[in-house]
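Undergrad: The structure that follows is given in the form of structure tokens.
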Amino acid sequence: MTDELLPAEAVSAEMRHAKVRAATDHTTVGLVESLADGRVGIACACGMQLTNGPTWSLDEHIRLHRAEARFLALAAVAPEGIPRLVAWPLA
């Protein structure tokens with residue numbers, strides 16, 4: 001089969017790999033702990049401690065952390081010239 005007959009790939013392999021790396025590098029580790037100040041937290045594989053706060057839940061912090069990690073990983077390998085909502089590289 002020639003290259004002309006193969007369907008175009010919608011997402012580059014580099015972007016797919018970046019997304020997978022972000023997901024595996026930012027998984028929660030261990031069990032939820034009760035902290036001395038009354039909050040709860042859990043460790044992330046990247047070393048950051050994820051916690052709840054006065055206006056956010058632990059689940060919200062985990063979701064935001066993973067979304068930020070995915071954004072940074074994808075933005076770093078996105079094709080040159082692709083239109084963006086956020087200027088890259090970050091200032």
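Convention: chains lettered A, B, ... in structure tokens order; per-chain residue numbering from 1; ligands numbered from 1 as shown.
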Give one line per residue of stretch 7-32 of chain A that approaches stretch 63-66 of chain A to at most 8 Å, naming the two atoms of the closest pair and their distance in Å to one decimal, counting only C-alpha atoms; sort by chain then ascending residue number and deliver it as CSV.
TA:
residue,atom,partner,partner_atom,distance
A:Ala22,CA,A:Arg66,CA,7.5
A:Ala23,CA,A:Arg66,CA,7.0
A:His26,CA,A:Arg66,CA,6.3
Undergrad: Do you have, as CSV, the list of residues of stretch 51-84 of chain A lying at most 9 Å from stretch 32-40 of chain A, each with its nearest atom pair and that distance in Å to one decimal, counting only C-alpha atoms and ordered by chain then number?
TA:
residue,atom,partner,partner_atom,distance
A:Thr51,CA,A:Val40,CA,5.6
A:Asn52,CA,A:Arg39,CA,6.0
A:Gly53,CA,A:Arg39,CA,6.8
A:Pro54,CA,A:Arg39,CA,8.9
A:Leu58,CA,A:Val40,CA,7.2
Undergrad: What does the file look like for those residues with N, CA and C atoms, as a PDB file, in the first residue's frame?
TA:
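selection-v8.pdb written:
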ATOM      1  N   THR A  51      -4.266  18.655  47.774  1.00  0.00           N
ATOM      2  CA  THR A  51      -5.101  18.818  48.967  1.00  0.00           C
ATOM      3  C   THR A  51      -6.425  19.482  48.618  1.00  0.00           C
ATOM      4  N   ASN A  52      -7.350  19.393  49.555  1.00  0.00           N
ATOM      5  CA  ASN A  52      -8.557  20.204  49.448  1.00  0.00           C
ATOM      6  C   ASN A  52      -8.231  21.571  50.042  1.00  0.00           C
ATOM      7  N   GLY A  53      -9.153  22.501  49.896  1.00  0.00           N
ATOM      8  CA  GLY A  53      -8.930  23.840  50.424  1.00  0.00           C
ATOM      9  C   GLY A  53     -10.236  24.459  50.849  1.00  0.00           C
ATOM     10  N   PRO A  54     -10.200  25.725  51.170  1.00  0.00           N
ATOM     11  CA  PRO A  54     -11.415  26.364  51.676  1.00  0.00           C
ATOM     12  C   PRO A  54     -12.545  26.428  50.644  1.00  0.00           C
ATOM     13  N   LEU A  58     -10.728  17.927  47.205  1.00  0.00           N
ATOM     14  CA  LEU A  58      -9.549  17.173  46.793  1.00  0.00           C
ATOM     15  C   LEU A  58      -9.729  16.691  45.363  1.00  0.00           C
TER      16      LEU A  58
END
Undergrad: I'd like to know which residues of stretch 21-54 of chain A are strand (DSSP E or B) (by DSSP, run on the backbone); could you write them as number ranges by chain?
TA: A: 28-34, 40-44, 49-51
Undergrad: Just to be explicit: take each residue in the selection above, keep N, CA and C atoms, and write the result as a compact mmCIF listing (two decimals), in the first residue's frame.
TA:
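So the final result, stored in out_1.txt, reads:
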# COMPACT_ATOMS: atom_id res chain seq x y z
N THR A 28 -2.20 9.54 41.30
CA THR A 28 -2.14 9.64 42.75
C THR A 28 -1.44 8.41 43.31
N VAL A 29 -0.75 8.62 44.44
CA VAL A 29 0.07 7.58 45.05
C VAL A 29 -0.36 7.41 46.51
N GLY A 30 -0.62 6.19 46.91
CA GLY A 30 -0.95 5.93 48.31
C GLY A 30 -2.40 6.20 48.62
N LEU A 31 -2.64 6.47 49.88
CA LEU A 31 -4.00 6.69 50.38
C LEU A 31 -4.19 8.14 50.78
N VAL A 32 -5.44 8.57 50.83
CA VAL A 32 -5.76 9.92 51.29
C VAL A 32 -5.38 10.02 52.77
N GLU A 33 -4.70 11.10 53.12
CA GLU A 33 -4.27 11.33 54.50
C GLU A 33 -5.01 12.52 55.09
N SER A 34 -5.31 12.45 56.37
CA SER A 34 -5.84 13.61 57.10
C SER A 34 -4.66 14.42 57.57
N VAL A 40 -7.44 17.30 53.83
CA VAL A 40 -7.03 15.97 53.41
C VAL A 40 -6.14 16.12 52.20
N GLY A 41 -5.26 15.15 51.98
CA GLY A 41 -4.36 15.23 50.85
C GLY A 41 -3.93 13.86 50.37
N ILE A 42 -3.38 13.85 49.18
CA ILE A 42 -2.83 12.64 48.60
C ILE A 42 -1.64 13.04 47.74
N ALA A 43 -0.66 12.18 47.67
CA ALA A 43 0.55 12.48 46.90
C ALA A 43 0.31 12.18 45.42
N CYS A 44 1.00 12.94 44.58
CA CYS A 44 1.02 12.69 43.14
C CYS A 44 2.38 12.07 42.81
N GLN A 49 1.97 17.40 46.62
CA GLN A 49 0.90 16.97 47.53
C GLN A 49 -0.37 17.69 47.10
N LEU A 50 -1.40 16.92 46.77
CA LEU A 50 -2.68 17.49 46.34
C LEU A 50 -3.60 17.52 47.56
N THR A 51 -4.27 18.65 47.77
CA THR A 51 -5.10 18.82 48.97
C THR A 51 -6.42 19.48 48.62
Undergrad: Quick one: residues within 12 Å of A:Val20, only C-alpha atoms counted, chain neighbours fewer than 2 positions away excluded, as a VMD selection string?
TA: chain A and resid 13 to 18 22 to 27 66 69 to 71 73 to 74
Undergrad: Write out, as a compact mmCIF listing (two decimals), in the first residue's frame, the residues just selected, with N, CA and C atoms.
TA:
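Generated file (part36.txt):
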# COMPACT_ATOMS: atom_id res chain seq x y z
N ALA A 13 1.67 11.18 16.59
CA ALA A 13 2.16 10.22 17.57
C ALA A 13 2.83 10.94 18.73
N GLU A 14 3.54 12.03 18.44
CA GLU A 14 4.22 12.79 19.49
C GLU A 14 3.21 13.37 20.49
N MET A 15 2.09 13.88 19.99
CA MET A 15 1.07 14.43 20.89
C MET A 15 0.40 13.31 21.69
N ARG A 16 0.16 12.19 21.05
CA ARG A 16 -0.44 11.05 21.74
C ARG A 16 0.48 10.57 22.87
N HIS A 17 1.77 10.46 22.58
CA HIS A 17 2.73 10.03 23.60
C HIS A 17 2.83 11.05 24.73
N ALA A 18 2.77 12.33 24.42
CA ALA A 18 2.83 13.37 25.46
C ALA A 18 1.63 13.24 26.40
N ALA A 22 1.89 12.37 30.40
CA ALA A 22 1.30 13.25 31.41
C ALA A 22 0.37 12.45 32.32
N ALA A 23 -0.40 11.55 31.75
CA ALA A 23 -1.31 10.75 32.55
C ALA A 23 -0.56 9.82 33.50
N THR A 24 0.50 9.21 33.03
CA THR A 24 1.24 8.27 33.88
C THR A 24 2.15 8.98 34.89
N ASP A 25 2.63 10.18 34.56
CA ASP A 25 3.48 10.93 35.47
C ASP A 25 2.69 11.64 36.57
N HIS A 26 1.36 11.69 36.42
CA HIS A 26 0.53 12.43 37.38
C HIS A 26 -0.62 11.56 37.88
N THR A 27 -0.25 10.43 38.44
CA THR A 27 -1.23 9.55 39.08
C THR A 27 -1.11 9.72 40.59
N ARG A 66 -4.15 17.28 36.92
CA ARG A 66 -4.01 16.42 35.74
C ARG A 66 -4.26 17.20 34.45
N ALA A 69 -1.20 19.37 33.75
CA ALA A 69 -0.10 18.53 33.29
C ALA A 69 -0.31 18.13 31.83
N ARG A 70 -1.53 17.77 31.49
CA ARG A 70 -1.86 17.38 30.11
C ARG A 70 -1.68 18.58 29.17
N PHE A 71 -2.15 19.76 29.59
CA PHE A 71 -1.99 20.96 28.76
C PHE A 71 -0.52 21.26 28.50
N ALA A 73 2.09 19.29 28.66
CA ALA A 73 2.72 18.25 27.84
C ALA A 73 2.32 18.39 26.37
N LEU A 74 1.04 18.61 26.11
CA LEU A 74 0.58 18.74 24.72
C LEU A 74 1.07 20.04 24.08
Undergrad: Using atom CA of A:Ala91 and atom CA of A:Leu72 as the two end points, give the distance in Å to one decimal.
TA: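 Taking atom CA of A:Ala91 and atom CA of A:Leu72, their separation equals 12.9 Å.
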Undergrad: Measuring atom to atom with only C-alpha atoms, identify which of A:Cys46, A:Trp56, A:Arg21, A:Ser12 is nearest to A:Pro79.
TA: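 The shortest atom-to-atom distance to A:Pro79 comes from A:Ser12.
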Undergrad: Can you pull out every residue from stretch 3-64 of chain A that DSSP, working from the backbone, puts in alpha helix (DSSP H), and format the result as a list in words?
TA: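 In stretch 3-64 of chain A, DSSP puts these residues in alpha helix (DSSP H): Ala13, Glu14, Met15, Arg16, His17, Ala18, Lys19, Val20, Arg21, Ala22, Ala23, Thr24, Asp25, Leu58, Asp59, Glu60, His61, Ile62, Arg63 and Leu64 of chain A.
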Undergrad: Report, in Å to a single decimal, how far apart atom CA of A:Val77 and atom CA of A:Gly47 are.
TA: 23.1 Å
Undergrad: Restricting the calculation to only C-alpha atoms: of A:Met48, A:Ala78, A:Leu90, A:Leu85, which residue gets closest to A:Lys19?
TA: A:Ala78
